[in-house]
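Structure, as structure tokens:
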Amino acid sequence: MLYPEVRNYVAGQFVHSTAQTLEVISPLDGSLLSTVPLSGQQELDEAVKAAQTAFPKWSAMPIKERVQIFFRYKTLLEQNLEELTELVHHENGKTIGEARAELEKSIELTEFACSLPQLVAGEILEVSTGVECRLEKKAIGVVASIAPFNFPNMVPHWTIPNAIALGNCMILKPSEKVPISANRIAELLTDAGLPAGVFNVVNGGQEIVEAICDHPDIQAVSFVGSTKIAKVVYRRATNNLKRCVALGGAKNHIIVLPDANIGLTAAGVAASMSGCAGQRCMAGSAMLGVGPIDNIIEKIAEEARNIVPGQNLGAVISKEAKERIERYISEAEKSGAKVLVDGRNVTVQGKENGYYVGPTIIDFVTPDMAIAKEEVFGPVLAIIRAKTLDEALQIENQSEYGNAASVFTQSGGLARYVMENASAGMIGVNVGVPVPREPFSFGGWNESKFGTCDITGKSSIEFWTQMKKTTTKWNPEAGINWMS
Ligand code: NAD
């Protein structure tokens with residue numbers, strides 16, 4: 001094994017679990033990286049107890065002191081950048097460049113948390129003579145964060161720095177497919193000075209997620225993963241009277257208009273569909289080509305042919321994922337779509353046991369095909385032809401998802417029309433992957449997100465805090481009036 005066994009992290013210690021274990025396999029070459037315990041109720045109870053014990057002292061510490069730990073943690077992420085990058089590359093299968101970009105985003109998220117004292121200052125007003133109302137944002141208690149496989153380092157950082165800097169104590173449940181990064185995150189947080197019990201890691205799958213949703217002492221649950229499981233978690237956590245934000249899957253549309261800049265569009269579309277092997281909830285996976293755009297499609301295909309598995313294209317997460325993606329391509333072809341660039345049946349020399357799918361461009365997909373509607377989660381672009389922009393928007397609007405939508409055009413007016421009419425939480429204009437950067441928040445619409453707040457940025461402050469309103473009066477001479 002390239003890495004030591006993954007363990008749970010509770011009360012500042014790595015703890016041995018007697019639970020059954022799962023193998024952690026590298027998608028790059030099928031090699032065994034580590035093992036991960038599939039923890040149960042007892043392990044969760046211990047972690048919650050540790051978090052509850054840490055909470056009074058941690059939440060009472062002034063936020064300006066709490067964020068000092070995140071200033072130090074940010075420096076540790078920077079100092080360990082290459083090692084953490086390699087780890088993401090190994091466990092997730094993305095390229096080194098993509099893994100490094102993931103780490104850079106984790107650093108940015110941590111940097112945002114360091115700015116929280118400037119954003120959470122309360123409000124105070126004299127509401128009648130001598131009577132003051134004051135509003136403060138207080139931590140909510142023990143919270144949980146459940147993560148998917150596609151960003152082993154970044155997605156945990158969507159929640160860890162903000163939730164903890166705001167005074168909460170956290171239980172992280174990483175994806176059992178990529179659990180190794182979380183152990184390093186725990187070590188580095190401790191090295192930065194985070195007190196024991198403030199951050200805990202409990203590994204596992206379905207059983208532990210259900211136990212989190214049911215646990216009476218967990219106040220809030222954040223989830224990132226597929227829509228199917230997001231619905232299960234949202235229903236179960238809110239049914240147990242917890243606050244919950246659950247981010248789900250996606251089917252992101254890129255609208256290409258005939259006046260678009262060819263080079264910029266081709267590069268943007270190809271990068272959007274193939275980055276992280278298409279395993280991004282922000283990947284552009286359906287292109288809506290409006291009117292005469294054959295020249296742009298040719299250029300996109302040319303760009304795609306320069307994307308080579310094992311070189312500038314990483315692996316997909318598992319054998320099952322590879323088979324699922326290839327099945328979508330074959331079904332579309334059987335239904336009459338034209339495969340312009342075919343990524344099926346590729347192997348990478350020297351890494352024959354890895355899980356690779358080459359870049360795939362499919363033209364003349366129709367809106368009723370499964371590949372046009374469902375999340376493929378691979379380096380595949382389905383091109384649907386539309387006669388008008390309104391027809392393209394209608395197809396986009398019909399999607400059950402709503403994470404992101406982009407338009408490529410040189411017309412400000414048409415771009416504005418798409419910004420107004422696309423049914424998605426994150427919109428790109430001549431940007432293929434419109435991920436908002438801090439302090440702007442991340443979150444989709446429709447079945448791409450359940451719950452009211454976004455998961456990052458300023459919006460997340462509301463999710464991780466509760467408001468305390470205090471009314472005070474110190475001057476008896478002001479007398480009693482109708483409200484005080
Ligand atoms: P997943 O839904 O299979 O797993 C997510 C988490 O849920 C994991 O921690 C997993 O252990 C747990 N889980 C799996 N099955 C469960 C079950 N039956 N009951 C309870 N818990 C269960 O997702 P994934 O395959 O790890 O990640 C890919 C998905 O995540 C894609 O759909 C992608 O679009 C989505 N995603 C969305 C966003 C976003 O911001 N909207 C970001 C990243 C990933």
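To be explicit about the labels: the chains of the structure tokens are called A, B, and onward in the order shown, and within each one the residues are counted from 1, while ligands get numbers from 1 in the order they are shown.
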Which residues are near ligand 1 - at most 8 Å, using only C-alpha atoms and all ligand atoms? Format: as a PDB file with C-alpha atoms, in the first residue's frame.
ATOM      1  CA  ILE A 146     -20.569  14.725   3.842  1.00  0.00           C
ATOM      2  CA  ALA A 147     -18.366  14.793   0.730  1.00  0.00           C
ATOM      3  CA  PRO A 148     -18.268  13.168  -2.747  1.00  0.00           C
ATOM      4  CA  PHE A 149     -15.331  11.551  -4.579  1.00  0.00           C
ATOM      5  CA  ASN A 150     -14.596  14.144  -7.238  1.00  0.00           C
ATOM      6  CA  PHE A 151     -12.745  16.763  -5.139  1.00  0.00           C
ATOM      7  CA  VAL A 155     -15.105  19.971  -1.327  1.00  0.00           C
ATOM      8  CA  LYS A 173     -17.515  12.092   6.391  1.00  0.00           C
ATOM      9  CA  PRO A 174     -15.293  11.859   3.293  1.00  0.00           C
ATOM     10  CA  SER A 175     -16.141   9.742   0.265  1.00  0.00           C
ATOM     11  CA  GLU A 176     -15.069   6.156   0.944  1.00  0.00           C
ATOM     12  CA  LYS A 177     -13.584   6.158  -2.580  1.00  0.00           C
ATOM     13  CA  GLY A 204     -17.766   4.955   5.950  1.00  0.00           C
ATOM     14  CA  GLY A 205     -20.637   4.757   3.487  1.00  0.00           C
ATOM     15  CA  GLN A 206     -24.428   4.602   3.617  1.00  0.00           C
ATOM     16  CA  GLU A 207     -24.674   3.444   7.245  1.00  0.00           C
ATOM     17  CA  ILE A 208     -22.685   6.339   8.673  1.00  0.00           C
ATOM     18  CA  VAL A 209     -24.487   8.909   6.491  1.00  0.00           C
ATOM     19  CA  GLU A 210     -27.828   7.673   7.773  1.00  0.00           C
ATOM     20  CA  PHE A 223     -24.004  17.224   1.782  1.00  0.00           C
ATOM     21  CA  VAL A 224     -22.384  17.222  -1.663  1.00  0.00           C
ATOM     22  CA  GLY A 225     -22.954  14.328  -4.069  1.00  0.00           C
ATOM     23  CA  SER A 226     -25.468  12.927  -6.527  1.00  0.00           C
ATOM     24  CA  THR A 227     -29.058  14.190  -6.658  1.00  0.00           C
ATOM     25  CA  LYS A 228     -30.381  10.753  -5.718  1.00  0.00           C
ATOM     26  CA  ILE A 229     -28.504  10.725  -2.410  1.00  0.00           C
ATOM     27  CA  ALA A 230     -28.895  14.494  -1.864  1.00  0.00           C
ATOM     28  CA  VAL A 232     -32.315  11.068   0.712  1.00  0.00           C
ATOM     29  CA  VAL A 233     -30.033  13.113   2.993  1.00  0.00           C
ATOM     30  CA  LEU A 247     -25.910  19.821  -3.299  1.00  0.00           C
ATOM     31  CA  GLY A 248     -26.731  17.320  -6.021  1.00  0.00           C
ATOM     32  CA  GLY A 249     -25.762  16.369  -9.541  1.00  0.00           C
ATOM     33  CA  ALA A 250     -25.786  18.406 -12.723  1.00  0.00           C
ATOM     34  CA  GLN A 279     -16.170  14.461 -13.288  1.00  0.00           C
ATOM     35  CA  ARG A 280     -17.050  17.979 -12.206  1.00  0.00           C
ATOM     36  CA  CYS A 281     -20.508  19.093 -11.209  1.00  0.00           C
ATOM     37  CA  MET A 282     -19.632  22.190 -13.277  1.00  0.00           C
ATOM     38  CA  GLU A 375     -25.589  13.179 -15.801  1.00  0.00           C
ATOM     39  CA  PHE A 377     -19.958  12.322 -15.409  1.00  0.00           C
ATOM     40  CA  ASN A 403     -26.136  23.924 -11.534  1.00  0.00           C
ATOM     41  CA  PHE A 442     -21.382  28.250  -4.796  1.00  0.00           C
ATOM     42  CA  GLY A 443     -24.740  26.575  -5.335  1.00  0.00           C
ATOM     43  CA  GLY A 444     -27.144  25.541  -8.082  1.00  0.00           C
ATOM     44  CA  SER A 448     -28.851  20.541  -8.154  1.00  0.00           C
ATOM     45  CA  LYS A 449     -29.403  21.920  -4.650  1.00  0.00           C
TER      46      LYS A 449
END
Legend entry - Near-Glu111 (chain A) list (9 Å; only C-alpha atoms; drop same-chain fewer than 3 positions) as number ranges by chain: A: 70-71, 74, 106-108, 114-115, 161, 438
Atoms to include: all heavy atoms. Write the selected residues as a short mmCIF file (atom, residue, chain, number, x, y, z; two decimals), in the first residue's frame.
data_model
loop_
_atom_site.label_atom_id
_atom_site.label_comp_id
_atom_site.auth_asym_id
_atom_site.auth_seq_id
_atom_site.Cartn_x
_atom_site.Cartn_y
_atom_site.Cartn_z
N PHE A 70 -6.63 29.51 11.16
CA PHE A 70 -6.76 29.33 9.71
C PHE A 70 -5.71 30.11 8.92
O PHE A 70 -5.33 29.69 7.83
CB PHE A 70 -8.20 29.63 9.26
CG PHE A 70 -9.12 28.51 9.66
CD1 PHE A 70 -9.89 28.60 10.81
CD2 PHE A 70 -9.14 27.33 8.93
CE1 PHE A 70 -10.69 27.54 11.21
CE2 PHE A 70 -9.94 26.27 9.33
CZ PHE A 70 -10.72 26.37 10.47
N PHE A 71 -5.21 31.22 9.47
CA PHE A 71 -4.06 31.87 8.83
C PHE A 71 -2.89 30.89 8.81
O PHE A 71 -2.21 30.71 7.80
CB PHE A 71 -3.66 33.14 9.59
CG PHE A 71 -4.47 34.36 9.24
CD1 PHE A 71 -5.39 34.89 10.13
CD2 PHE A 71 -4.31 34.99 8.01
CE1 PHE A 71 -6.14 36.03 9.81
CE2 PHE A 71 -5.04 36.13 7.68
CZ PHE A 71 -5.96 36.65 8.59
N LYS A 74 -3.55 27.94 6.39
CA LYS A 74 -3.36 28.31 4.99
C LYS A 74 -1.88 28.20 4.62
O LYS A 74 -1.52 27.66 3.57
CB LYS A 74 -3.87 29.74 4.77
CG LYS A 74 -3.61 30.26 3.36
CD LYS A 74 -4.15 31.67 3.19
CE LYS A 74 -3.81 32.24 1.84
NZ LYS A 74 -2.46 32.81 1.75
N SER A 106 -8.65 25.19 -2.43
CA SER A 106 -8.76 24.97 -0.97
C SER A 106 -8.10 26.12 -0.21
O SER A 106 -8.60 26.57 0.82
CB SER A 106 -8.08 23.66 -0.57
OG SER A 106 -8.69 22.57 -1.20
N ILE A 107 -6.97 26.59 -0.76
CA ILE A 107 -6.26 27.71 -0.11
C ILE A 107 -7.13 28.97 -0.16
O ILE A 107 -7.25 29.69 0.83
CB ILE A 107 -4.87 27.92 -0.78
CG1 ILE A 107 -3.96 26.72 -0.43
CG2 ILE A 107 -4.25 29.25 -0.36
CD1 ILE A 107 -2.69 26.64 -1.24
N GLU A 108 -7.77 29.19 -1.32
CA GLU A 108 -8.63 30.37 -1.44
C GLU A 108 -9.80 30.31 -0.46
O GLU A 108 -10.20 31.31 0.14
CB GLU A 108 -9.14 30.51 -2.87
CG GLU A 108 -9.94 31.79 -3.06
CD GLU A 108 -10.45 32.00 -4.47
OE1 GLU A 108 -11.33 31.22 -4.90
OE2 GLU A 108 -10.00 32.91 -5.14
N CYS A 114 -10.53 33.35 6.73
CA CYS A 114 -9.73 34.30 7.52
C CYS A 114 -10.35 35.70 7.51
O CYS A 114 -10.07 36.51 8.38
CB CYS A 114 -8.30 34.37 6.98
SG CYS A 114 -7.39 32.82 7.20
N SER A 115 -11.18 35.97 6.50
CA SER A 115 -11.80 37.30 6.41
C SER A 115 -13.15 37.36 7.14
O SER A 115 -13.79 38.41 7.17
CB SER A 115 -12.00 37.69 4.94
OG SER A 115 -13.09 36.97 4.39
N PRO A 161 -13.41 25.32 6.76
CA PRO A 161 -12.92 26.60 7.32
C PRO A 161 -14.05 27.50 7.79
O PRO A 161 -13.97 28.07 8.89
CB PRO A 161 -12.15 27.24 6.15
CG PRO A 161 -11.88 26.14 5.19
CD PRO A 161 -13.01 25.17 5.34
N GLU A 438 -14.53 33.13 -4.28
CA GLU A 438 -14.92 33.80 -3.03
C GLU A 438 -14.79 35.31 -3.23
O GLU A 438 -13.86 35.75 -3.91
CB GLU A 438 -14.05 33.35 -1.86
CG GLU A 438 -13.77 31.88 -1.81
CD GLU A 438 -14.96 30.99 -2.08
OE1 GLU A 438 -15.94 31.07 -1.36
OE2 GLU A 438 -14.86 30.23 -3.05
#
Inset, instruction - Counting only C-alpha atoms, figure out which residue out of A:Leu38, A:Ile329, A:Ala267, A:Ala220 gets nearest to Arg305 (chain A). - result: A:Ala267
Legend entry - Straight-line distance linking CA of Lys94 (chain A) with CA of Lys373 (chain A), stated in Å to one decimal: 25.1 Å
Inset, instruction - Identify, on the basis of only C-alpha atoms, every residue whose closest approach to region 78-93 of chain A does not exceed 8 Å; exclude the query and any residue fewer than 5 positions from it along the same chain; express the result as a VMD selection string. - result: chain A and resid 24 to 28 33 99 to 100 102 to 103 107 149 to 153 177 to 178 180 to 181 184 314 to 317
Based on the selection just made, write C-alpha atoms of those residues as a PDB file, in the first residue's frame.
ATOM      1  CA  VAL A  24      -8.952   2.276  -1.685  1.00  0.00           C
ATOM      2  CA  ILE A  25      -7.892   1.802  -5.287  1.00  0.00           C
ATOM      3  CA  SER A  26      -6.067   4.329  -7.462  1.00  0.00           C
ATOM      4  CA  PRO A  27      -7.994   4.926 -10.705  1.00  0.00           C
ATOM      5  CA  LEU A  28      -4.676   5.788 -12.372  1.00  0.00           C
ATOM      6  CA  LEU A  33      -3.508   2.696  -2.056  1.00  0.00           C
ATOM      7  CA  ALA A  99      -4.993  18.356  -8.488  1.00  0.00           C
ATOM      8  CA  ARG A 100      -2.794  21.417  -7.904  1.00  0.00           C
ATOM      9  CA  GLU A 102      -7.896  21.884  -6.546  1.00  0.00           C
ATOM     10  CA  LEU A 103      -5.442  22.657  -3.751  1.00  0.00           C
ATOM     11  CA  ILE A 107      -6.258  27.707  -0.106  1.00  0.00           C
ATOM     12  CA  PHE A 149     -15.331  11.551  -4.579  1.00  0.00           C
ATOM     13  CA  ASN A 150     -14.596  14.144  -7.238  1.00  0.00           C
ATOM     14  CA  PHE A 151     -12.745  16.763  -5.139  1.00  0.00           C
ATOM     15  CA  PRO A 152     -11.193  14.927  -2.152  1.00  0.00           C
ATOM     16  CA  ASN A 153      -9.497  18.089  -0.903  1.00  0.00           C
ATOM     17  CA  LYS A 177     -13.584   6.158  -2.580  1.00  0.00           C
ATOM     18  CA  VAL A 178     -11.121   8.975  -1.757  1.00  0.00           C
ATOM     19  CA  ILE A 180      -6.949   9.644   2.331  1.00  0.00           C
ATOM     20  CA  SER A 181      -6.818  13.441   1.874  1.00  0.00           C
ATOM     21  CA  ARG A 184      -3.912  14.793   6.070  1.00  0.00           C
ATOM     22  CA  GLY A 314      -6.918  11.866 -16.020  1.00  0.00           C
ATOM     23  CA  ALA A 315      -8.739   8.654 -15.163  1.00  0.00           C
ATOM     24  CA  VAL A 316     -12.384   8.197 -14.206  1.00  0.00           C
ATOM     25  CA  ILE A 317     -13.027   6.959 -10.698  1.00  0.00           C
TER      26      ILE A 317
END
Inset, instruction - Extract, using only C-alpha atoms, all DNA, RNA and protein residues at most 7 Å from Val202 (chain A), discarding same-chain residues fewer than 3 positions from it, and format them as a PyMOL selection string. - result: chain A and resi 8-9+39+44+171-173
Inset, instruction - If you run DSSP over the backbone, which residues in region 131-308 of chain A end up strand (DSSP E)? Put them as a PyMOL selection string. - result: chain A and resi 131-139+142-146+169-173+199-201+220-224+243-247+252-256+284-290
Inset, instruction - Skip Ile361 (chain A) itself and residues of its chain fewer than 4 positions away, then list as a VMD selection string all residues within 7 Å of it, counting only C-alpha atoms. - result: chain A and resid 301 339 to 342 380 to 382
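Among the candidate residues A:Ala424, A:Ile307, A:Val431, A:Leu166, the one lying nearest to Thr95 (chain A) is A:Ile307, with distances computed using only C-alpha atoms.
Candidate residues A:Cys133, A:Met419, A:Val36, A:Ala113 were compared for distance to Ala163 (chain A), and the nearest is A:Ala113, using only C-alpha atoms.
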Inset, instruction - Do a neighbour search on region 137-139 of chain A at 7 Å with only C-alpha atoms, toss out local chain neighbours closer than 4 positions, and write the hits as a list in words. - result: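 Contacts, in chain order: Ser59, Val120, Gly122, Leu166, Gly167, Asn168, Trp464, Thr465, Gln466, Met467 and Lys468 of chain A.
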Output file for the selection above: C-alpha atoms, as an mmCIF file, in the first residue's frame:
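For reference, again23.cif as written:
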data_model
loop_
_atom_site.group_PDB
_atom_site.id
_atom_site.type_symbol
_atom_site.label_atom_id
_atom_site.label_comp_id
_atom_site.auth_asym_id
_atom_site.auth_seq_id
_atom_site.Cartn_x
_atom_site.Cartn_y
_atom_site.Cartn_z
ATOM 1 C CA SER A 59 -17.425 28.764 20.380
ATOM 2 C CA VAL A 120 -19.883 38.830 10.795
ATOM 3 C CA GLY A 122 -23.202 42.353 14.402
ATOM 4 C CA LEU A 166 -17.684 30.592 12.858
ATOM 5 C CA GLY A 167 -17.417 28.577 16.083
ATOM 6 C CA ASN A 168 -18.922 25.188 15.230
ATOM 7 C CA TRP A 464 -23.449 27.971 9.868
ATOM 8 C CA THR A 465 -24.785 30.518 12.383
ATOM 9 C CA GLN A 466 -27.919 31.424 14.280
ATOM 10 C CA MET A 467 -28.884 34.951 15.216
ATOM 11 C CA LYS A 468 -29.087 36.126 18.807
#
Legend entry - 8 Å contact set for Ile212 (chain A), only C-alpha atoms, chain neighbours under 5 positions out, as a VMD selection string: chain A and resid 44 144 218 221
Legend entry - Residue nearest Gly268 (chain A) among A:Ala370, A:Ile124, A:Val429, A:Ile395 (counting only C-alpha atoms): A:Val429
Inset, instruction - Rank A:Thr347, A:Gly432, A:Tyr355, A:Asn162 by their smallest atom-to-atom distance to Ile325 (chain A), using only C-alpha atoms, and report the top residue only. - result: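 Closest residue, counting only C-alpha atoms: A:Tyr355.
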Legend entry - Shortest interatomic distance to Ile383 (chain A) - which of A:Gly289, A:Gly413, A:Pro309, A:Gly343, counting only C-alpha atoms: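 Looking only at the distances to Ile383 (chain A), the closest residue turns out to be A:Gly289.
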Inset, instruction - Would you mind reading off the distance between CA of Gly275 (chain A) and CA of Tyr328 (chain A), one decimal, in Å? - result: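 CA of Tyr328 (chain A) lies at a distance of 18.6 Å from CA of Gly275 (chain A).
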If you run DSSP on this backbone, which residues of region 141-335 of chain A come out as alpha helix (DSSP H), and could you give them as a PDB file with C-alpha atoms, in the first residue's frame?
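Output (states.pdb):
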ATOM      1  CA  MET A 154     -11.555  21.050  -2.180  1.00  0.00           C
ATOM      2  CA  VAL A 155     -15.105  19.971  -1.327  1.00  0.00           C
ATOM      3  CA  PRO A 156     -14.221  19.373   2.354  1.00  0.00           C
ATOM      4  CA  HIS A 157     -12.821  22.917   2.294  1.00  0.00           C
ATOM      5  CA  TRP A 158     -16.179  24.247   1.107  1.00  0.00           C
ATOM      6  CA  THR A 159     -17.346  23.619   4.672  1.00  0.00           C
ATOM      7  CA  ILE A 160     -14.448  23.094   7.113  1.00  0.00           C
ATOM      8  CA  PRO A 161     -12.918  26.599   7.320  1.00  0.00           C
ATOM      9  CA  ASN A 162     -16.181  28.573   7.398  1.00  0.00           C
ATOM     10  CA  ALA A 163     -18.126  26.276   9.726  1.00  0.00           C
ATOM     11  CA  ILE A 164     -15.244  25.980  12.187  1.00  0.00           C
ATOM     12  CA  ALA A 165     -14.088  29.606  12.069  1.00  0.00           C
ATOM     13  CA  ILE A 180      -6.949   9.644   2.331  1.00  0.00           C
ATOM     14  CA  SER A 181      -6.818  13.441   1.874  1.00  0.00           C
ATOM     15  CA  ALA A 182      -9.127  13.951   4.874  1.00  0.00           C
ATOM     16  CA  ASN A 183      -6.587  12.339   7.212  1.00  0.00           C
ATOM     17  CA  ARG A 184      -3.912  14.793   6.070  1.00  0.00           C
ATOM     18  CA  ILE A 185      -6.370  17.695   6.460  1.00  0.00           C
ATOM     19  CA  ALA A 186      -6.944  16.575  10.075  1.00  0.00           C
ATOM     20  CA  GLU A 187      -3.194  16.435  10.762  1.00  0.00           C
ATOM     21  CA  LEU A 188      -2.559  19.870   9.278  1.00  0.00           C
ATOM     22  CA  LEU A 189      -5.454  21.471  11.167  1.00  0.00           C
ATOM     23  CA  THR A 190      -4.000  20.065  14.383  1.00  0.00           C
ATOM     24  CA  ASP A 191      -0.522  21.312  13.433  1.00  0.00           C
ATOM     25  CA  GLN A 206     -24.428   4.602   3.617  1.00  0.00           C
ATOM     26  CA  GLU A 207     -24.674   3.444   7.245  1.00  0.00           C
ATOM     27  CA  ILE A 208     -22.685   6.339   8.673  1.00  0.00           C
ATOM     28  CA  VAL A 209     -24.487   8.909   6.491  1.00  0.00           C
ATOM     29  CA  GLU A 210     -27.828   7.673   7.773  1.00  0.00           C
ATOM     30  CA  ALA A 211     -26.528   7.741  11.347  1.00  0.00           C
ATOM     31  CA  ILE A 212     -25.423  11.373  10.852  1.00  0.00           C
ATOM     32  CA  CYS A 213     -28.883  12.344   9.565  1.00  0.00           C
ATOM     33  CA  ASP A 214     -30.493  10.678  12.599  1.00  0.00           C
ATOM     34  CA  THR A 227     -29.058  14.190  -6.658  1.00  0.00           C
ATOM     35  CA  LYS A 228     -30.381  10.753  -5.718  1.00  0.00           C
ATOM     36  CA  ILE A 229     -28.504  10.725  -2.410  1.00  0.00           C
ATOM     37  CA  ALA A 230     -28.895  14.494  -1.864  1.00  0.00           C
ATOM     38  CA  LYS A 231     -32.668  13.941  -1.764  1.00  0.00           C
ATOM     39  CA  VAL A 232     -32.315  11.068   0.712  1.00  0.00           C
ATOM     40  CA  VAL A 233     -30.033  13.113   2.993  1.00  0.00           C
ATOM     41  CA  TYR A 234     -32.093  16.317   2.764  1.00  0.00           C
ATOM     42  CA  ARG A 235     -35.346  14.503   3.558  1.00  0.00           C
ATOM     43  CA  ARG A 236     -33.854  12.480   6.395  1.00  0.00           C
ATOM     44  CA  ALA A 237     -31.912  15.315   8.053  1.00  0.00           C
ATOM     45  CA  THR A 238     -34.762  17.839   7.874  1.00  0.00           C
ATOM     46  CA  ASN A 239     -37.237  15.201   8.999  1.00  0.00           C
ATOM     47  CA  ILE A 262     -14.049  30.304 -32.621  1.00  0.00           C
ATOM     48  CA  GLY A 263     -10.736  29.848 -30.787  1.00  0.00           C
ATOM     49  CA  LEU A 264     -12.004  30.960 -27.381  1.00  0.00           C
ATOM     50  CA  THR A 265     -15.176  28.878 -27.710  1.00  0.00           C
ATOM     51  CA  ALA A 266     -13.477  25.686 -28.873  1.00  0.00           C
ATOM     52  CA  ALA A 267     -10.862  25.865 -26.122  1.00  0.00           C
ATOM     53  CA  GLY A 268     -13.482  26.762 -23.481  1.00  0.00           C
ATOM     54  CA  VAL A 269     -15.938  24.025 -24.456  1.00  0.00           C
ATOM     55  CA  ALA A 270     -13.268  21.311 -24.775  1.00  0.00           C
ATOM     56  CA  ALA A 271     -11.767  22.215 -21.390  1.00  0.00           C
ATOM     57  CA  SER A 272     -15.193  22.338 -19.734  1.00  0.00           C
ATOM     58  CA  MET A 273     -16.268  18.904 -20.917  1.00  0.00           C
ATOM     59  CA  SER A 274     -12.940  17.146 -20.334  1.00  0.00           C
ATOM     60  CA  ASP A 294     -20.240  23.628 -38.150  1.00  0.00           C
ATOM     61  CA  ASN A 295     -16.929  25.519 -38.176  1.00  0.00           C
ATOM     62  CA  ILE A 296     -16.983  25.854 -34.371  1.00  0.00           C
ATOM     63  CA  ILE A 297     -17.847  22.170 -33.921  1.00  0.00           C
ATOM     64  CA  GLU A 298     -14.946  21.168 -36.178  1.00  0.00           C
ATOM     65  CA  LYS A 299     -12.613  23.262 -34.047  1.00  0.00           C
ATOM     66  CA  ILE A 300     -13.976  21.737 -30.809  1.00  0.00           C
ATOM     67  CA  ALA A 301     -13.327  18.245 -32.253  1.00  0.00           C
ATOM     68  CA  GLU A 302      -9.792  19.323 -33.189  1.00  0.00           C
ATOM     69  CA  GLU A 303      -9.198  20.569 -29.624  1.00  0.00           C
ATOM     70  CA  ALA A 304     -10.583  17.302 -28.225  1.00  0.00           C
ATOM     71  CA  ARG A 305      -8.197  15.212 -30.333  1.00  0.00           C
ATOM     72  CA  LYS A 319     -14.345   0.403 -13.677  1.00  0.00           C
ATOM     73  CA  GLU A 320     -18.116   0.851 -13.165  1.00  0.00           C
ATOM     74  CA  ALA A 321     -17.840   4.555 -14.045  1.00  0.00           C
ATOM     75  CA  LYS A 322     -15.899   3.728 -17.241  1.00  0.00           C
ATOM     76  CA  GLU A 323     -18.518   1.168 -18.243  1.00  0.00           C
ATOM     77  CA  ARG A 324     -21.395   3.552 -17.482  1.00  0.00           C
ATOM     78  CA  ILE A 325     -19.882   6.375 -19.561  1.00  0.00           C
ATOM     79  CA  GLU A 326     -19.163   4.062 -22.512  1.00  0.00           C
ATOM     80  CA  ARG A 327     -22.719   2.728 -22.334  1.00  0.00           C
ATOM     81  CA  TYR A 328     -24.112   6.272 -22.682  1.00  0.00           C
ATOM     82  CA  ILE A 329     -21.958   6.818 -25.796  1.00  0.00           C
ATOM     83  CA  SER A 330     -23.013   3.523 -27.406  1.00  0.00           C
ATOM     84  CA  GLU A 331     -26.708   4.122 -26.674  1.00  0.00           C
ATOM     85  CA  ALA A 332     -26.569   7.597 -28.222  1.00  0.00           C
ATOM     86  CA  GLU A 333     -24.837   6.190 -31.297  1.00  0.00           C
ATOM     87  CA  LYS A 334     -27.450   3.449 -31.585  1.00  0.00           C
TER      88      LYS A 334
END
Legend entry - Atom pair CA of Arg416 (chain A) / CA of Ala404 (chain A): separation (Å): 15.3 Å
